[in-house]
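**Student:** File upload-v2.txt below, compact mmCIF, C-alpha atoms:
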```
# COMPACT_ATOMS: atom_id res chain seq x y z
CA ASP A 1 0.00 0.00 0.00
CA ALA A 2 1.18 3.51 -0.79
CA LYS A 3 2.37 5.66 2.07
CA THR A 4 0.64 8.87 3.01
CA THR A 5 1.89 12.13 4.44
CA GLN A 6 -0.28 14.31 6.64
CA PRO A 7 0.43 17.35 8.80
CA THR A 8 0.91 16.42 12.42
CA SER A 9 -1.66 18.84 13.76
CA MET A 10 -4.16 21.51 12.74
CA ASP A 11 -6.54 23.89 14.44
CA CYS A 12 -9.92 24.98 13.17
CA ALA A 13 -12.42 27.48 14.55
CA GLU A 14 -15.80 26.06 15.47
CA GLY A 15 -18.32 26.51 12.68
CA ARG A 16 -15.68 26.95 10.02
CA ALA A 17 -14.69 24.39 7.40
CA ALA A 18 -11.80 22.12 8.32
CA ASN A 19 -9.62 21.17 5.36
CA LEU A 20 -7.29 18.27 6.05
CA PRO A 21 -4.68 17.55 3.38
CA CYS A 22 -3.06 14.25 2.53
CA ASN A 23 -0.25 13.49 0.14
CA HIS A 24 -0.12 10.07 -1.50
CA SER A 25 2.20 10.62 -4.43
CA THR A 26 2.96 6.90 -4.94
CA ILE A 27 -0.66 5.78 -5.14
CA SER A 28 -1.44 3.04 -7.66
CA GLY A 29 -4.38 2.86 -10.02
CA ASN A 30 -6.29 0.29 -7.97
CA GLU A 31 -5.80 1.99 -4.61
CA TYR A 32 -8.57 3.82 -2.85
CA VAL A 33 -8.17 6.76 -0.50
CA TYR A 34 -9.89 6.17 2.85
CA TRP A 35 -10.36 8.56 5.74
CA TYR A 36 -10.97 7.49 9.30
CA ARG A 37 -10.91 9.44 12.52
CA GLN A 38 -10.28 8.43 16.08
CA ILE A 39 -11.71 10.38 18.95
CA HIS A 40 -9.78 9.92 22.17
CA SER A 41 -10.14 6.42 23.63
CA GLN A 42 -12.61 5.30 20.96
CA GLY A 43 -12.33 2.98 17.99
CA PRO A 44 -11.51 4.36 14.55
CA GLN A 45 -14.57 5.74 12.79
CA TYR A 46 -14.98 5.47 9.04
CA ILE A 47 -15.62 8.81 7.35
CA ILE A 48 -15.41 8.49 3.58
CA HIS A 49 -13.46 6.94 0.73
CA GLY A 50 -12.93 7.44 -2.99
CA LEU A 51 -11.01 6.26 -6.02
CA LYS A 52 -10.93 9.08 -8.56
CA ASN A 53 -13.98 11.23 -8.23
CA ASN A 54 -14.82 13.61 -5.45
CA GLU A 55 -17.17 12.14 -2.89
CA THR A 56 -19.58 13.61 -0.36
CA ASN A 57 -21.60 12.07 2.42
CA GLU A 58 -23.35 13.31 5.54
CA MET A 59 -20.07 13.65 7.41
CA ALA A 60 -17.61 15.12 4.94
CA SER A 61 -16.42 15.71 1.41
CA LEU A 62 -13.36 14.15 -0.20
CA ILE A 63 -11.57 16.02 -2.93
CA ILE A 64 -9.02 13.99 -4.92
CA THR A 65 -6.71 15.77 -7.35
CA GLU A 66 -6.81 14.76 -10.98
CA ASP A 67 -3.42 13.06 -10.78
CA ARG A 68 -4.59 11.31 -7.56
CA LYS A 69 -1.39 12.23 -5.77
CA SER A 70 -3.13 14.16 -3.04
CA SER A 71 -6.51 14.62 -1.46
CA THR A 72 -8.33 16.85 0.99
CA LEU A 73 -10.93 15.90 3.54
CA ILE A 74 -13.39 18.71 4.19
CA LEU A 75 -15.57 18.93 7.29
CA PRO A 76 -17.91 21.72 6.20
CA HIS A 77 -18.88 23.07 9.62
CA ALA A 78 -16.52 21.83 12.30
CA THR A 79 -17.87 21.30 15.81
CA LEU A 80 -16.07 20.61 19.06
CA ARG A 81 -17.00 16.93 18.67
CA ASP A 82 -14.90 16.79 15.50
CA THR A 83 -11.73 17.13 17.58
CA ALA A 84 -9.90 13.87 16.80
CA VAL A 85 -6.98 12.32 14.99
CA TYR A 86 -7.75 11.97 11.29
CA TYR A 87 -6.11 9.23 9.28
CA CYS A 88 -5.67 9.19 5.53
CA ILE A 89 -5.16 5.64 4.26
CA VAL A 90 -4.44 4.32 0.82
CA ARG A 91 -5.72 0.81 0.34
CA ALA A 92 -5.57 -1.55 -2.59
CA THR A 93 -8.71 -3.38 -3.66
CA GLY A 94 -8.83 -6.64 -1.78
CA ALA A 95 -6.17 -5.72 0.77
CA ASN A 96 -6.90 -7.22 4.15
CA ASN A 97 -5.05 -4.59 6.10
CA LEU A 98 -5.45 -0.90 6.79
CA PHE A 99 -2.19 0.93 7.37
CA PHE A 100 -2.84 3.71 9.83
CA GLY A 101 -0.02 6.22 9.98
CA THR A 102 0.30 8.93 12.59
CA GLY A 103 -2.56 11.02 11.21
CA THR A 104 -3.46 14.68 11.77
CA ARG A 105 -4.60 15.79 15.18
CA LEU A 106 -7.42 18.26 14.52
CA THR A 107 -8.40 20.55 17.35
CA VAL A 108 -11.60 22.51 16.94
CA ILE A 109 -11.43 25.71 18.92
CA PRO A 110 -14.51 27.40 20.39
CA ASP B 1 -22.64 2.77 13.96
CA ALA B 2 -21.94 -0.83 13.03
CA GLY B 3 -23.16 -3.32 15.62
CA ILE B 4 -19.85 -4.34 17.10
CA THR B 5 -19.16 -4.95 20.75
CA GLN B 6 -15.97 -5.99 22.45
CA SER B 7 -15.56 -7.59 25.84
CA PRO B 8 -14.09 -6.99 28.24
CA ARG B 9 -13.51 -3.28 27.67
CA HIS B 10 -10.70 -3.18 30.22
CA LYS B 11 -8.56 -5.96 31.63
CA VAL B 12 -5.56 -6.18 33.91
CA THR B 13 -3.76 -9.48 34.05
CA GLU B 14 -0.43 -10.94 35.07
CA THR B 15 2.38 -12.18 32.89
CA GLY B 16 1.97 -15.82 31.95
CA THR B 17 -1.81 -16.00 32.29
CA PRO B 18 -4.09 -16.79 29.37
CA VAL B 19 -6.41 -14.04 28.17
CA THR B 20 -9.32 -14.18 25.73
CA LEU B 21 -10.89 -11.14 24.15
CA ARG B 22 -14.24 -11.35 22.43
CA CYS B 23 -15.61 -9.48 19.45
CA HIS B 24 -19.31 -9.78 18.72
CA GLN B 25 -21.11 -8.41 15.67
CA THR B 26 -24.77 -8.19 14.75
CA GLU B 27 -24.20 -7.24 11.09
CA ASN B 28 -23.63 -10.75 9.69
CA HIS B 29 -20.44 -9.55 7.99
CA ARG B 30 -18.20 -12.27 6.63
CA TYR B 31 -14.84 -10.69 7.51
CA MET B 32 -13.61 -9.94 11.01
CA TYR B 33 -10.24 -8.55 12.08
CA TRP B 34 -8.16 -8.05 15.19
CA TYR B 35 -5.79 -5.08 15.40
CA ARG B 36 -3.62 -3.74 18.16
CA GLN B 37 -2.79 -0.07 18.62
CA ASP B 38 0.38 1.12 20.28
CA PRO B 39 1.98 4.57 20.44
CA GLY B 40 4.28 5.11 17.48
CA HIS B 41 2.98 2.08 15.58
CA GLY B 42 -0.53 2.97 14.53
CA LEU B 43 -2.88 0.02 14.15
CA ARG B 44 -1.36 -3.33 13.25
CA LEU B 45 -3.28 -6.36 12.02
CA ILE B 46 -2.97 -9.45 14.22
CA HIS B 47 -5.30 -11.97 12.60
CA TYR B 48 -8.38 -11.90 10.46
CA SER B 49 -11.19 -14.26 9.55
CA TYR B 50 -12.97 -14.71 6.25
CA GLY B 51 -15.63 -17.06 7.51
CA VAL B 52 -16.52 -19.57 10.20
CA LYS B 53 -13.39 -21.57 11.02
CA ASP B 54 -11.43 -19.66 8.32
CA THR B 55 -8.66 -17.47 9.67
CA ASP B 56 -5.31 -16.12 8.56
CA LYS B 57 -2.36 -14.34 10.09
CA GLY B 58 -1.69 -10.65 9.94
CA GLU B 59 1.37 -8.54 10.47
CA VAL B 60 1.93 -9.25 14.19
CA SER B 61 0.43 -12.68 14.87
CA ASP B 62 3.15 -14.19 17.09
CA GLY B 63 1.82 -14.93 20.56
CA TYR B 64 -1.82 -14.74 19.49
CA SER B 65 -4.38 -17.25 18.33
CA VAL B 66 -7.94 -16.75 17.11
CA SER B 67 -11.08 -18.75 16.68
CA ARG B 68 -14.38 -18.22 14.94
CA SER B 69 -17.01 -20.85 15.58
CA LYS B 70 -19.96 -18.60 14.72
CA THR B 71 -20.35 -15.80 12.20
CA GLU B 72 -20.98 -13.27 14.94
CA ASP B 73 -18.08 -14.03 17.27
CA PHE B 74 -14.33 -13.71 16.78
CA LEU B 75 -12.11 -14.57 19.74
CA LEU B 76 -8.53 -13.45 20.27
CA THR B 77 -6.47 -15.49 22.73
CA LEU B 78 -3.17 -14.67 24.30
CA GLU B 79 -2.01 -18.11 25.42
CA SER B 80 0.52 -16.74 27.89
CA ALA B 81 0.33 -12.97 28.20
CA THR B 82 3.53 -10.92 28.18
CA SER B 83 4.10 -7.28 29.05
CA SER B 84 4.75 -6.53 25.36
CA GLN B 85 1.12 -7.42 24.70
CA THR B 86 -0.09 -4.50 26.77
CA SER B 87 -2.05 -2.57 24.20
CA VAL B 88 -5.44 -1.45 23.00
CA TYR B 89 -7.09 -4.13 20.89
CA PHE B 90 -9.64 -3.28 18.23
CA CYS B 91 -11.94 -5.58 16.35
CA ALA B 92 -13.20 -4.64 12.89
CA ILE B 93 -15.69 -6.12 10.45
CA SER B 94 -16.38 -5.85 6.75
CA VAL B 95 -18.74 -7.41 4.25
CA ASP B 96 -15.80 -8.59 2.18
CA LEU B 97 -12.18 -7.65 1.54
CA ARG B 98 -13.11 -4.90 -0.89
CA GLU B 99 -15.49 -3.17 1.46
CA THR B 100 -15.03 -0.70 4.27
CA GLN B 101 -13.88 -1.93 7.67
CA TYR B 102 -15.87 -0.78 10.70
CA PHE B 103 -14.29 -0.83 14.12
CA GLY B 104 -15.43 -1.74 17.59
CA PRO B 105 -14.87 0.35 20.73
CA GLY B 106 -11.66 -1.42 21.77
CA THR B 107 -10.32 -3.37 24.74
CA ARG B 108 -7.56 -1.93 26.91
CA LEU B 109 -5.30 -4.71 28.14
CA LEU B 110 -2.61 -4.22 30.75
CA VAL B 111 -0.24 -7.10 31.39
CA LEU B 112 1.73 -6.68 34.61
```
Take the structure in this file and express it as structure tokens.

**Tutor:**
Amino acid sequence: DAKTTQPTSMDCAEGRAANLPCNHSTISGNEYVYWYRQIHSQGPQYIIHGLKNNETNEMASLIITEDRKSSTLILPHATLRDTAVYYCIVRATGANNLFFGTGTRLTVIP
Amino acid sequence: DAGITQSPRHKVTETGTPVTLRCHQTENHRYMYWYRQDPGHGLRLIHYSYGVKDTDKGEVSDGYSVSRSKTEDFLLTLESATSSQTSVYFCAISVDLRETQYFGPGTRLLVL
């Protein structure tokens, strides 16, 4: 699986959009981009995933660049409950494992 | 949230004792996984199961065994716990290998 690079930490004001970047320059054609988050002491929570196209669900939007070498997770209106570590994961179709790196610690500030 | 429970949620045990952790799902998903999470290592796959009685090793399987006698239950056993197995253990499930994995709440294990 391709490695990902994320900033160690970010702050975001409550109510504003949180934009979390991820670099995955070695991604292969059959690898998806997944985003999970982990709130302190809880299990990882699935957020969204995509292959080529931008994706949106009730939690977030995922923007993938045309060359697929980077992506951005957007939380449109961050709340205090969005404070968590966010993991960007690149996963090949059929891979049994998820490689969680160190992620980005997002702190939403009142 | 996916219907996944883990028990116990917290356990303290002594070196050399056997420990069994249970993962229970109500989603009827075929695949189940055990991960451990340690500072500086992220989550690492221990074992996974692709059906009743069908299991395979993951990245860090030494010292662990698993069993799956029913679709809904996946057991992780530490035959003789060591201090290096102090960790947070997460169970995950998925419909199949290509689908999203959903995680349980975790079990905190301390081996003294």

**Student:** To one decimal in Å, tell me the separation between CA of Asp38 in chain B and CA of Thr100 in chain B.

**Tutor:** 22.3 Å

**Student:** Please, what distance in Å, to one decimal, runs between CA of Ser49 in chain B and CA of Glu14 in chain B?

**Tutor:**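 It comes out at 27.9 Å.
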
**Student:** Could the residues of chain A within 8 Å of chain B, counting all atoms listed in the file, be given as a PDB file with C-alpha atoms, in the frame of the given file, please?

**Tutor:**
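File produced: part_30.pdb:
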```
ATOM      1  CA  GLN A  42     -12.610   5.300  20.960  1.00  0.00           C
ATOM      2  CA  GLY A  43     -12.330   2.980  17.990  1.00  0.00           C
ATOM      3  CA  PRO A  44     -11.510   4.360  14.550  1.00  0.00           C
ATOM      4  CA  GLN A  45     -14.570   5.740  12.790  1.00  0.00           C
ATOM      5  CA  TYR A  46     -14.980   5.470   9.040  1.00  0.00           C
ATOM      6  CA  THR A  93      -8.710  -3.380  -3.660  1.00  0.00           C
ATOM      7  CA  GLY A  94      -8.830  -6.640  -1.780  1.00  0.00           C
ATOM      8  CA  ALA A  95      -6.170  -5.720   0.770  1.00  0.00           C
ATOM      9  CA  ASN A  96      -6.900  -7.220   4.150  1.00  0.00           C
ATOM     10  CA  ASN A  97      -5.050  -4.590   6.100  1.00  0.00           C
ATOM     11  CA  LEU A  98      -5.450  -0.900   6.790  1.00  0.00           C
ATOM     12  CA  PHE A  99      -2.190   0.930   7.370  1.00  0.00           C
ATOM     13  CA  PHE A 100      -2.840   3.710   9.830  1.00  0.00           C
ATOM     14  CA  GLY A 101      -0.020   6.220   9.980  1.00  0.00           C
ATOM     15  CA  THR A 102       0.300   8.930  12.590  1.00  0.00           C
TER      16      THR A 102
END
```

**Student:** Find the spatial neighbours of Lys70 in chain B, counting all atoms listed in the file, within a cut-off of 12 Å - ignore same-chain residues fewer than 2 positions away - and output them as a PDB file with C-alpha atoms, keeping the file's coordinate frame.

**Tutor:**
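part.pdb was written with the following content:
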```pdb
ATOM      1  CA  CYS B  23     -15.610  -9.480  19.450  1.00  0.00           C
ATOM      2  CA  HIS B  24     -19.310  -9.780  18.720  1.00  0.00           C
ATOM      3  CA  GLN B  25     -21.110  -8.410  15.670  1.00  0.00           C
ATOM      4  CA  THR B  26     -24.770  -8.190  14.750  1.00  0.00           C
ATOM      5  CA  ASN B  28     -23.630 -10.750   9.690  1.00  0.00           C
ATOM      6  CA  HIS B  29     -20.440  -9.550   7.990  1.00  0.00           C
ATOM      7  CA  ARG B  30     -18.200 -12.270   6.630  1.00  0.00           C
ATOM      8  CA  TYR B  31     -14.840 -10.690   7.510  1.00  0.00           C
ATOM      9  CA  MET B  32     -13.610  -9.940  11.010  1.00  0.00           C
ATOM     10  CA  SER B  49     -11.190 -14.260   9.550  1.00  0.00           C
ATOM     11  CA  TYR B  50     -12.970 -14.710   6.250  1.00  0.00           C
ATOM     12  CA  GLY B  51     -15.630 -17.060   7.510  1.00  0.00           C
ATOM     13  CA  VAL B  52     -16.520 -19.570  10.200  1.00  0.00           C
ATOM     14  CA  LYS B  53     -13.390 -21.570  11.020  1.00  0.00           C
ATOM     15  CA  ASP B  54     -11.430 -19.660   8.320  1.00  0.00           C
ATOM     16  CA  SER B  67     -11.080 -18.750  16.680  1.00  0.00           C
ATOM     17  CA  ARG B  68     -14.380 -18.220  14.940  1.00  0.00           C
ATOM     18  CA  GLU B  72     -20.980 -13.270  14.940  1.00  0.00           C
ATOM     19  CA  ASP B  73     -18.080 -14.030  17.270  1.00  0.00           C
ATOM     20  CA  PHE B  74     -14.330 -13.710  16.780  1.00  0.00           C
ATOM     21  CA  LEU B  75     -12.110 -14.570  19.740  1.00  0.00           C
TER      22      LEU B  75
END
```

**Student:** Given only C-alpha atoms as the basis, pick out the residue of A:Arg105, A:Arg91, A:Arg16, A:His24 nearest to Ser71 in chain A.

**Tutor:** A:His24

**Student:** Put the listed atoms of range 67-73 of chain B in a box along x, y and z with 6 Å added on every side and give me the centre and edge lengths in Å to one decimal, as lines of an AutoDock Vina configuration file.

**Tutor:**
```
center_x = -16.0
center_y = -17.1
center_z = 14.7
size_x = 21.9
size_y = 19.6
size_z = 17.1
```
